[in-house]
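One file, input_26.cif, carrying mmCIF, C-alpha atoms:
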```
data_protein
loop_
_atom_site.group_PDB
_atom_site.id
_atom_site.type_symbol
_atom_site.label_atom_id
_atom_site.label_comp_id
_atom_site.auth_asym_id
_atom_site.auth_seq_id
_atom_site.Cartn_x
_atom_site.Cartn_y
_atom_site.Cartn_z
ATOM 1 C CA MET G 1 9.236 41.370 50.608
ATOM 2 C CA SER G 2 11.314 38.162 50.733
ATOM 3 C CA ALA G 3 15.056 38.288 51.349
ATOM 4 C CA ARG G 4 15.542 36.193 48.227
ATOM 5 C CA LEU G 5 13.798 38.760 46.067
ATOM 6 C CA GLN G 6 15.838 41.609 47.594
ATOM 7 C CA HIS G 7 19.086 39.687 47.041
ATOM 8 C CA ARG G 8 18.404 38.834 43.406
ATOM 9 C CA ALA G 9 17.414 42.442 42.645
ATOM 10 C CA ALA G 10 20.670 43.762 44.085
ATOM 11 C CA SER G 11 22.731 42.122 41.325
ATOM 12 C CA PRO G 12 23.575 44.513 38.456
ATOM 13 C CA ARG G 13 22.296 43.829 34.978
ATOM 14 C CA ALA G 14 24.936 42.559 32.571
ATOM 15 C CA LEU G 15 26.099 44.969 29.887
ATOM 16 C CA SER G 16 26.237 43.916 26.240
ATOM 17 C CA GLY G 17 26.994 45.438 22.866
ATOM 18 C CA HIS G 18 29.538 48.027 21.759
ATOM 19 C CA ALA G 19 29.313 51.613 20.629
ATOM 20 C CA MET G 20 28.776 52.250 16.932
ATOM 21 C CA VAL G 21 27.861 48.602 16.258
ATOM 22 C CA LYS G 22 24.510 48.066 14.606
ATOM 23 C CA SER G 23 22.215 45.991 16.782
ATOM 24 C CA PRO G 24 20.875 42.768 15.271
ATOM 25 C CA ALA G 25 17.168 42.280 14.762
ATOM 26 C CA PRO G 26 15.486 41.400 18.065
ATOM 27 C CA SER G 27 14.971 37.711 18.695
ATOM 28 C CA ALA G 28 11.602 36.207 19.548
ATOM 29 C CA PHE G 29 12.618 36.121 23.204
ATOM 30 C CA ASP G 30 13.803 39.740 23.099
ATOM 31 C CA ARG G 31 10.320 40.749 21.989
ATOM 32 C CA ILE G 32 8.827 38.843 24.907
ATOM 33 C CA ARG G 33 11.164 40.653 27.303
ATOM 34 C CA LYS G 34 10.173 43.967 25.746
ATOM 35 C CA SER G 35 6.496 43.160 26.260
ATOM 36 C CA LEU G 36 7.057 42.275 29.922
ATOM 37 C CA ASP G 37 9.022 45.491 30.400
ATOM 38 C CA GLY G 38 6.116 47.368 28.812
ATOM 39 C CA TYR G 39 3.620 45.845 31.242
ATOM 40 C CA PHE G 40 5.841 46.843 34.137
ATOM 41 C CA ALA G 41 6.172 50.393 32.787
ATOM 42 C CA LYS G 42 2.395 50.793 32.479
ATOM 43 C CA ALA G 43 1.835 49.501 36.007
ATOM 44 C CA VAL G 44 4.537 51.814 37.370
ATOM 45 C CA ASN G 45 2.988 54.794 35.593
ATOM 46 C CA ALA G 46 -0.497 53.969 36.906
ATOM 47 C CA ARG G 47 0.857 53.652 40.453
ATOM 48 C CA LYS G 48 2.745 56.935 40.203
ATOM 49 C CA ARG G 49 -0.324 58.812 39.016
ATOM 50 C CA LEU G 50 -2.557 57.257 41.675
ATOM 51 C CA LEU G 51 -0.103 58.475 44.331
ATOM 52 C CA THR G 52 0.258 61.994 42.919
ATOM 53 C CA GLU G 53 -3.078 62.805 41.280
ATOM 54 C CA PRO G 54 -6.747 62.649 42.296
ATOM 55 C CA TYR G 55 -7.980 59.062 42.418
ATOM 56 C CA ASP G 56 -9.018 57.629 39.044
ATOM 57 C CA ALA G 57 -10.625 54.180 38.869
ATOM 58 C CA LYS G 58 -9.219 53.687 35.352
ATOM 59 C CA LEU G 59 -5.695 54.028 36.696
ATOM 60 C CA LEU G 60 -6.324 51.381 39.348
ATOM 61 C CA HIS G 61 -7.663 49.131 36.600
ATOM 62 C CA ALA G 62 -4.497 49.749 34.534
ATOM 63 C CA TRP G 63 -2.349 48.847 37.558
ATOM 64 C CA ARG G 64 -4.203 45.577 38.074
ATOM 65 C CA VAL G 65 -4.469 44.559 34.402
ATOM 66 C CA ASN G 66 -0.777 45.017 33.684
ATOM 67 C CA LEU G 67 0.236 43.114 36.804
ATOM 68 C CA ARG G 68 -2.175 40.381 35.714
ATOM 69 C CA ARG G 69 -0.506 40.253 32.288
ATOM 70 C CA ILE G 70 2.824 39.591 33.988
ATOM 71 C CA THR G 71 1.635 37.051 36.553
ATOM 72 C CA ALA G 72 -0.417 35.190 33.924
ATOM 73 C CA THR G 73 2.674 34.529 31.789
ATOM 74 C CA LEU G 74 5.757 34.776 34.005
ATOM 75 C CA LYS G 75 5.869 31.157 35.174
ATOM 76 C CA ASP G 76 5.747 29.896 31.597
ATOM 77 C CA VAL G 77 8.506 32.264 30.501
ATOM 78 C CA ALA G 78 10.601 31.148 33.492
ATOM 79 C CA GLN G 79 10.797 27.629 32.027
ATOM 80 C CA PHE G 80 13.777 28.801 29.986
ATOM 81 C CA SER G 81 15.894 28.465 33.144
ATOM 82 C CA ASP G 82 16.119 26.553 36.418
ATOM 83 C CA ASP G 83 14.803 29.601 38.283
ATOM 84 C CA ASP G 84 11.007 29.492 38.495
ATOM 85 C CA LEU G 85 10.764 33.181 39.498
ATOM 86 C CA ASP G 86 8.240 32.174 42.169
ATOM 87 C CA ASP G 87 9.331 34.987 44.480
ATOM 88 C CA VAL G 88 8.772 37.653 41.822
ATOM 89 C CA HIS G 89 5.448 36.097 40.823
ATOM 90 C CA ALA G 90 4.206 35.886 44.413
ATOM 91 C CA TYR G 91 5.124 39.488 45.161
ATOM 92 C CA LEU G 92 3.391 40.839 42.036
ATOM 93 C CA ARG G 93 0.296 38.796 42.761
ATOM 94 C CA GLU G 94 0.225 40.218 46.281
ATOM 95 C CA CYS G 95 0.505 43.721 44.786
ATOM 96 C CA ARG G 96 -2.530 43.104 42.581
ATOM 97 C CA GLU G 97 -4.687 41.426 45.208
ATOM 98 C CA ALA G 98 -4.147 44.268 47.690
ATOM 99 C CA THR G 99 -6.420 46.470 45.544
ATOM 100 C CA GLY G 100 -9.035 43.903 44.475
ATOM 101 C CA GLU G 101 -11.784 44.959 46.883
ATOM 102 C CA THR G 102 -11.485 48.581 45.816
ATOM 103 C CA ARG G 103 -11.910 47.619 42.174
ATOM 104 C CA ASP G 104 -15.094 45.636 42.960
ATOM 105 C CA ILE G 105 -16.649 48.542 44.870
ATOM 106 C CA ASP G 106 -15.692 51.020 42.133
ATOM 107 C CA ILE G 107 -17.512 48.901 39.548
ATOM 108 C CA LEU G 108 -20.596 48.542 41.751
ATOM 109 C CA VAL G 109 -20.916 52.249 42.601
ATOM 110 C CA ASP G 110 -19.751 53.748 39.299
ATOM 111 C CA GLU G 111 -21.131 51.283 36.754
ATOM 112 C CA THR G 112 -23.513 48.605 38.046
ATOM 113 C CA LEU G 113 -25.754 50.750 40.248
ATOM 114 C CA PRO G 114 -26.160 53.496 37.596
ATOM 115 C CA GLY G 115 -27.025 50.764 35.087
ATOM 116 C CA PHE G 116 -29.742 49.463 37.365
ATOM 117 C CA VAL G 117 -31.183 52.911 38.078
ATOM 118 C CA GLU G 118 -31.327 53.697 34.365
ATOM 119 C CA LYS G 119 -33.458 50.603 33.709
ATOM 120 C CA HIS G 120 -35.983 51.072 36.522
ATOM 121 C CA ALA G 121 -38.624 53.627 37.466
ATOM 122 C CA PRO G 122 -37.907 55.811 40.535
ATOM 123 C CA GLU G 123 -40.320 53.876 42.758
ATOM 124 C CA GLU G 124 -38.422 50.669 41.942
ATOM 125 C CA ASN G 125 -34.922 51.917 42.571
ATOM 126 C CA ASP G 126 -35.229 53.667 45.904
ATOM 127 C CA ILE G 127 -31.843 52.635 47.211
ATOM 128 C CA ASP G 128 -30.556 56.020 48.260
ATOM 129 C CA THR G 129 -29.602 54.936 51.770
ATOM 130 C CA THR G 130 -27.730 51.873 50.524
ATOM 131 C CA THR G 131 -25.988 53.960 47.863
ATOM 132 C CA LYS G 132 -24.765 56.394 50.527
ATOM 133 C CA VAL G 133 -23.411 53.493 52.585
ATOM 134 C CA LEU G 134 -21.626 52.096 49.526
ATOM 135 C CA LYS G 135 -20.136 55.449 48.565
ATOM 136 C CA ALA G 136 -18.760 55.865 52.077
ATOM 137 C CA ARG G 137 -17.297 52.368 51.852
ATOM 138 C CA GLN G 138 -15.893 53.203 48.422
ATOM 139 C CA ALA G 139 -14.127 56.287 49.783
ATOM 140 C CA GLY G 140 -12.568 54.208 52.544
ATOM 141 C CA ALA G 141 -11.521 51.479 50.115
ATOM 142 C CA ARG G 142 -9.880 54.023 47.835
ATOM 143 C CA THR G 143 -7.901 55.425 50.755
ATOM 144 C CA GLN G 144 -6.769 51.905 51.646
ATOM 145 C CA ALA G 145 -5.824 51.188 48.018
ATOM 146 C CA VAL G 146 -3.596 54.251 47.854
ATOM 147 C CA ALA G 147 -1.997 53.252 51.160
ATOM 148 C CA ALA G 148 -1.337 49.773 49.742
ATOM 149 C CA LEU G 149 0.219 51.256 46.614
ATOM 150 C CA LYS G 150 2.698 53.170 48.769
ATOM 151 C CA LYS G 151 3.788 49.830 50.201
ATOM 152 C CA TYR G 152 4.111 47.919 46.941
ATOM 153 C CA ASP G 153 6.962 49.486 44.993
ATOM 154 C CA LEU G 154 7.754 47.622 41.748
ATOM 155 C CA ALA G 155 11.424 48.645 41.531
ATOM 156 C CA VAL G 156 12.721 45.513 43.271
ATOM 157 C CA PRO G 157 10.804 42.910 41.206
ATOM 158 C CA MET G 158 11.678 44.818 38.023
ATOM 159 C CA ARG G 159 15.385 44.656 38.836
ATOM 160 C CA ALA G 160 15.053 40.995 39.788
ATOM 161 C CA LEU G 161 13.444 40.132 36.465
ATOM 162 C CA ARG G 162 16.017 42.088 34.483
ATOM 163 C CA HIS G 163 18.857 40.380 36.305
ATOM 164 C CA TRP G 164 17.272 37.020 35.475
ATOM 165 C CA GLU G 165 17.015 38.045 31.825
ATOM 166 C CA ALA G 166 20.628 39.259 31.711
ATOM 167 C CA THR G 167 22.062 36.043 33.155
ATOM 168 C CA LEU G 168 19.909 33.732 31.041
ATOM 169 C CA GLU G 169 21.355 31.969 28.020
ATOM 170 C CA PRO G 170 19.127 33.398 25.251
ATOM 171 C CA PRO G 171 16.795 30.751 23.826
ATOM 172 C CA THR G 172 16.551 30.295 20.074
ATOM 173 C CA ASP G 173 13.439 31.355 18.185
ATOM 174 C CA SER G 174 12.605 27.687 17.711
ATOM 175 C CA MET G 175 12.807 27.025 21.452
ATOM 176 C CA THR G 176 10.724 30.103 22.152
ATOM 177 C CA ARG G 177 8.034 29.069 19.686
ATOM 178 C CA LYS G 178 7.887 25.566 21.169
ATOM 179 C CA LEU G 179 7.462 26.960 24.683
ATOM 180 C CA ALA G 180 4.804 29.369 23.426
ATOM 181 C CA SER G 181 2.883 26.505 21.809
ATOM 182 C CA SER G 182 2.946 24.363 24.959
ATOM 183 C CA SER G 183 1.927 27.336 27.137
ATOM 184 C CA ILE G 184 -1.038 28.234 24.943
ATOM 185 C CA GLU G 185 -2.127 24.590 24.807
ATOM 186 C CA LYS G 186 -1.914 24.286 28.603
ATOM 187 C CA HIS G 187 -4.039 27.367 29.217
ATOM 188 C CA TYR G 188 -6.522 26.397 26.511
ATOM 189 C CA ARG G 189 -7.067 22.981 28.111
ATOM 190 C CA GLN G 190 -7.504 24.666 31.485
ATOM 191 C CA LEU G 191 -10.153 26.951 30.031
ATOM 192 C CA VAL G 192 -12.058 24.014 28.491
ATOM 193 C CA LYS G 193 -11.849 22.076 31.752
ATOM 194 C CA ARG G 194 -13.244 24.955 33.775
ATOM 195 C CA ALA G 195 -15.972 25.653 31.222
ATOM 196 C CA GLU G 196 -17.191 22.076 31.681
ATOM 197 C CA LYS G 197 -17.572 22.691 35.420
ATOM 198 C CA LEU G 198 -19.573 25.910 35.093
ATOM 199 C CA ASP G 199 -22.692 25.501 37.248
ATOM 200 C CA GLY G 200 -24.085 29.017 37.557
ATOM 201 C CA GLY G 201 -22.233 29.689 40.802
ATOM 202 C CA GLN G 202 -19.895 32.606 41.376
ATOM 203 C CA LYS G 203 -16.908 30.395 42.214
ATOM 204 C CA THR G 204 -16.915 28.392 38.977
ATOM 205 C CA LEU G 205 -17.618 31.564 37.000
ATOM 206 C CA HIS G 206 -14.609 33.245 38.602
ATOM 207 C CA ARG G 207 -12.372 30.270 37.818
ATOM 208 C CA LEU G 208 -13.432 30.279 34.162
ATOM 209 C CA ARG G 209 -12.880 34.024 33.959
ATOM 210 C CA THR G 210 -9.370 33.629 35.397
ATOM 211 C CA ALA G 211 -8.577 30.868 32.887
ATOM 212 C CA THR G 212 -9.822 33.080 30.057
ATOM 213 C CA LYS G 213 -7.548 35.936 31.126
ATOM 214 C CA LYS G 214 -4.535 33.644 31.347
ATOM 215 C CA LEU G 215 -5.141 32.250 27.870
ATOM 216 C CA ARG G 216 -5.771 35.696 26.394
ATOM 217 C CA TYR G 217 -2.621 37.210 27.863
ATOM 218 C CA THR G 218 -0.562 34.180 26.837
ATOM 219 C CA VAL G 219 -1.797 34.388 23.240
ATOM 220 C CA GLU G 220 -1.110 38.124 23.341
ATOM 221 C CA LEU G 221 2.471 37.745 24.641
ATOM 222 C CA TYR G 222 3.427 35.211 21.962
ATOM 223 C CA ALA G 223 1.409 36.690 19.083
ATOM 224 C CA HIS G 224 4.530 37.757 17.152
ATOM 225 C CA LEU G 225 5.562 34.097 16.799
ATOM 226 C CA PHE G 226 2.500 33.012 14.840
ATOM 227 C CA PRO G 227 0.362 34.118 11.866
ATOM 228 C CA LYS G 228 -1.234 37.480 12.599
ATOM 229 C CA GLN G 229 -4.691 36.544 11.309
ATOM 230 C CA ALA G 230 -4.878 33.412 13.472
ATOM 231 C CA THR G 231 -3.788 35.115 16.675
ATOM 232 C CA GLY G 232 -6.013 38.088 15.915
ATOM 233 C CA SER G 233 -9.077 35.844 15.660
ATOM 234 C CA TRP G 234 -8.308 34.232 19.002
ATOM 235 C CA LEU G 235 -7.630 37.521 20.748
ATOM 236 C CA LYS G 236 -10.866 39.009 19.437
ATOM 237 C CA GLN G 237 -12.947 36.038 20.570
ATOM 238 C CA LEU G 238 -11.199 35.786 23.934
ATOM 239 C CA ALA G 239 -11.858 39.480 24.548
ATOM 240 C CA ASP G 240 -15.534 38.897 23.754
ATOM 241 C CA LEU G 241 -15.695 35.907 26.119
ATOM 242 C CA GLN G 242 -13.895 37.812 28.861
ATOM 243 C CA GLY G 243 -16.296 40.715 28.469
ATOM 244 C CA HIS G 244 -19.365 38.535 29.039
ATOM 245 C CA LEU G 245 -17.763 36.704 31.952
ATOM 246 C CA GLY G 246 -16.670 40.028 33.433
ATOM 247 C CA LEU G 247 -20.199 41.416 33.266
ATOM 248 C CA ALA G 248 -21.620 38.297 34.946
ATOM 249 C CA HIS G 249 -18.956 38.519 37.651
ATOM 250 C CA ASP G 250 -19.605 42.229 38.253
ATOM 251 C CA ARG G 251 -23.352 41.662 38.630
ATOM 252 C CA LEU G 252 -22.916 38.764 41.051
ATOM 253 C CA MET G 253 -20.285 40.642 43.040
ATOM 254 C CA GLY G 254 -22.516 43.712 43.141
ATOM 255 C CA ARG G 255 -25.379 41.572 44.396
ATOM 256 C CA LYS G 256 -23.147 40.261 47.167
ATOM 257 C CA LEU G 257 -21.709 43.647 48.158
ATOM 258 C CA ILE G 258 -25.030 45.472 48.217
ATOM 259 C CA ALA G 259 -26.474 42.894 50.608
ATOM 260 C CA THR G 260 -23.749 43.654 53.139
ATOM 261 C CA ALA G 261 -24.351 47.397 52.805
ATOM 262 C CA ALA G 262 -28.129 47.285 53.136
ATOM 263 C CA ALA G 263 -28.197 47.519 56.953
ATOM 264 C CA ASP G 264 -31.574 48.953 58.051
ATOM 265 C CA ASP G 265 -32.534 49.578 54.441
ATOM 266 C CA ALA G 266 -32.683 45.837 53.733
ATOM 267 C CA LYS G 267 -35.846 45.949 51.613
ATOM 268 C CA ALA G 268 -34.532 48.496 49.142
ATOM 269 C CA PRO G 269 -31.867 46.300 47.461
ATOM 270 C CA LYS G 270 -34.275 43.470 46.573
ATOM 271 C CA PRO G 271 -35.144 44.812 43.104
ATOM 272 C CA PHE G 272 -31.443 45.346 42.472
ATOM 273 C CA ARG G 273 -30.579 41.832 43.610
ATOM 274 C CA ARG G 274 -33.200 40.323 41.320
ATOM 275 C CA TRP G 275 -31.979 42.426 38.395
ATOM 276 C CA ALA G 276 -28.329 41.575 39.098
ATOM 277 C CA LYS G 277 -29.085 37.857 39.231
ATOM 278 C CA ARG G 278 -31.078 37.956 35.981
ATOM 279 C CA THR G 279 -28.519 39.991 34.066
ATOM 280 C CA ALA G 280 -25.664 37.835 35.374
ATOM 281 C CA TYR G 281 -27.498 34.792 34.014
ATOM 282 C CA ASP G 282 -27.996 36.493 30.650
ATOM 283 C CA ALA G 283 -24.303 37.417 30.506
ATOM 284 C CA SER G 284 -23.370 33.819 31.333
ATOM 285 C CA LYS G 285 -25.477 32.579 28.415
ATOM 286 C CA ASP G 286 -23.737 35.061 26.125
ATOM 287 C CA ALA G 287 -20.419 33.760 27.440
ATOM 288 C CA MET G 288 -21.348 30.197 26.522
ATOM 289 C CA ARG G 289 -22.195 31.280 22.982
ATOM 290 C CA SER G 290 -18.883 33.095 22.800
ATOM 291 C CA LEU G 291 -17.080 30.008 24.094
ATOM 292 C CA SER G 292 -18.741 27.894 21.400
ATOM 293 C CA LYS G 293 -17.366 30.230 18.726
ATOM 294 C CA LEU G 294 -13.934 30.033 20.323
ATOM 295 C CA GLU G 295 -13.933 26.240 20.139
ATOM 296 C CA HIS G 296 -14.450 26.388 16.373
ATOM 297 C CA LEU G 297 -11.331 28.464 15.732
ATOM 298 C CA ARG G 298 -8.255 26.732 14.350
ATOM 299 C CA HIS G 299 -5.737 25.749 17.020
ATOM 300 C CA TYR G 300 -2.890 27.373 15.150
ATOM 301 C CA TRP G 301 -0.219 26.810 17.800
ATOM 302 C CA ARG G 302 -0.425 23.004 17.602
ATOM 303 C CA ALA G 303 1.521 22.917 14.355
ATOM 304 C CA HIS G 304 4.548 24.203 16.293
ATOM 305 C CA ALA G 305 4.216 22.087 19.427
ATOM 306 C CA ASN G 306 7.084 19.719 18.563
#
```
As a first step, turn the structure in this file into structure tokens.
Amino acid sequence: MSARLQHRAASPRALSGHAMVKSPAPSAFDRIRKSLDGYFAKAVNARKRLLTEPYDAKLLHAWRVNLRRITATLKDVAQFSDDDLDDVHAYLRECREATGETRDIDILVDETLPGFVEKHAPEENDIDTTTKVLKARQAGARTQAVAALKKYDLAVPMRALRHWEATLEPPTDSMTRKLASSSIEKHYRQLVKRAEKLDGGQKTLHRLRTATKKLRYTVELYAHLFPKQATGSWLKQLADLQGHLGLAHDRLMGRKLIATAAADDAKAPKPFRRWAKRTAYDASKDAMRSLSKLEHLRHYWRAHAN
């Protein structure tokens, strides 16, 4: 962890308010801070349970998703000050990436492979040897993930963020809405740009999926600033798009991982690889249809851009 991050976290949070005085209604920025605190709390809880309870893939997913929610939005929120919060962002991203391989193997062994077996006759899905290799690799990856979680404590970045919040001059609701509008617009344009470059390859698919997550979590963070029906429509369609892109990614990643695990059983994964490629293509087509629907939604945030 950087010395800068340790130093900023050591500063105490400023105290405000007086006893027996009724608190004013939370500002737009206060609600954003509360959301970020909530993401941190969920990630902390997932980490705690992973370190004290039997391994649960859903908890690892919760850890990663809530860290993603923070890293997807933190740099935009930091524009309210001269401090870009790069050190906090980099540390949280490192926390998330340390468990990425484990998440991919969990999906392959627990979801993708069972889905393939269910769709094929026994003589077509004889991949027992490869499955055993993958399960052994999964067990090792889970052990490594837990070891990584012991290393990545969130207490320091949480204190650093709260100190930043406490020393910041609170932005007005108007300023907050303007920043929200520009952030959503930026991530929307990034999504459109990456969609135009989609070529069927795993790299461009991954980049579009990342852009979709960033836009979804940005819309989600600032939803309270805009009409509920408009933001709800975008969140619903973005979730649909992310689901299709996620399925395509999981199938392509599974295809890649199973090839490395085949070893002497190299012939067995071929039916799986063909199925994974076909279903990834189908999911990509569904994603394009979902993206088309997204493009027809009203860009509600543009009315507040200036």
* Asked: Between G:Lys270, G:Lys132, G:Lys214, G:His224, which one has atoms that come closest to G:Ser35, using all atoms listed in the file?
  ->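 Counting all atoms listed in the file, the residue closest to G:Ser35 is G:His224.
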* Kindly indicate which residue among G:Leu238, G:Val133, G:Ala248, G:Leu208 lies nearest to G:Ala276, using only C-alpha atoms for the distances. =>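 Ranking G:Leu238, G:Val133, G:Ala248, G:Leu208 by distance to G:Ala276, first place goes to G:Ala248.
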* **Spatial sel., origin (7.3, 43.6, 40.8), limit 9 Å, only C-alpha atoms, listed as an MDAnalysis selection string** => chainID G and resid 40 67 88:89 91:93 95 152:161
* **Between atom CA of G:Leu191 and atom CA of G:Leu36, distance in Å (one decimal)** => 23.0 Å
* To do: In Å, rounded to a single decimal, give me how far atom CA of G:Thr99 is from atom CA of G:Leu51.
  =>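 For atom CA of G:Leu51 relative to atom CA of G:Thr99, the distance reads 13.6 Å.
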* To do: Check the smallest atom-to-atom distance from each of G:Val192, G:Leu245, G:Leu60, G:Leu134 to G:Ala259 using all atoms listed in the file, then report the winner.
  =>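 Between G:Val192, G:Leu245, G:Leu60, G:Leu134, the residue approaching G:Ala259 most closely is G:Leu134.
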* Kindly indicate which residue among G:Glu220, G:Glu295, G:Asp104, G:Asp86 lies nearest to G:Leu252, using all atoms listed in the file for the distances. => G:Asp104
* Hey, can you check how far atom CA of G:Arg177 sits from atom CA of G:Ala230? ->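 According to the coordinates, atom CA of G:Arg177 and atom CA of G:Ala230 are separated by 15.0 Å.
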* Asked: Can you tell me, as a PyMOL selection string, what residues are no more than 9 Å from G:Asp37 when counting all atoms listed in the file, ignoring any on the same chain fewer than 5 positions away?
  -> chain G and resi 32+42+158+162
* **Within 8 Å of file point (10.1, 38.1, 33.4), counting all atoms listed in the file, expressed as a ChimeraX atom specification** => /G:33,36,70,74,77-78,85,161-162,164-165
* **Distance query G:Thr210 at most 10 Å, all atoms listed in the file, self and fewer than 5 positions along chain excluded, as a count of residues only** => 12
Selection: 9 Å around G:Ala145, only C-alpha atoms, excl. self and same-chain fewer than 4 positions, as a compact mmCIF listing (two decimals) with C-alpha atoms, keeping the file's coordinate frame:
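Saved as part_28.txt:
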```txt
# COMPACT_ATOMS: atom_id res chain seq x y z
CA LEU G 60 -6.32 51.38 39.35
CA ALA G 98 -4.15 44.27 47.69
CA THR G 99 -6.42 46.47 45.54
CA GLY G 100 -9.04 43.90 44.48
CA GLU G 101 -11.78 44.96 46.88
CA THR G 102 -11.48 48.58 45.82
CA GLY G 140 -12.57 54.21 52.54
CA ALA G 141 -11.52 51.48 50.12
CA LEU G 149 0.22 51.26 46.61
CA LYS G 150 2.70 53.17 48.77
```
* Which residue gives the smallest distance to G:Ser292 among G:Leu179, G:Ala43, G:Leu59, G:Ala195, with all atoms listed in the file counted? -> G:Ala195
Size and centre in Å, one decimal, axis-aligned box, all listed stretch 214-227 of chain G atoms plus 3 Å per side, as JSON:
```
{"center_x": -0.1, "center_y": 35.2, "center_z": 21.6, "size_x": 17.3, "size_y": 11.9, "size_z": 25.5}
```
* Got a sec: who's within 10 Å of G:Leu113, counting all atoms listed in the file, leaving out chain neighbours fewer than 5 positions off, as a list of chain:residue names? ->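 The residues that qualify are G:Ile107, G:Leu108, G:Glu118, G:Asn125, G:Ile127, G:Thr131, G:Arg251, G:Gly254, G:Ile258, G:Phe272, G:Ala276.
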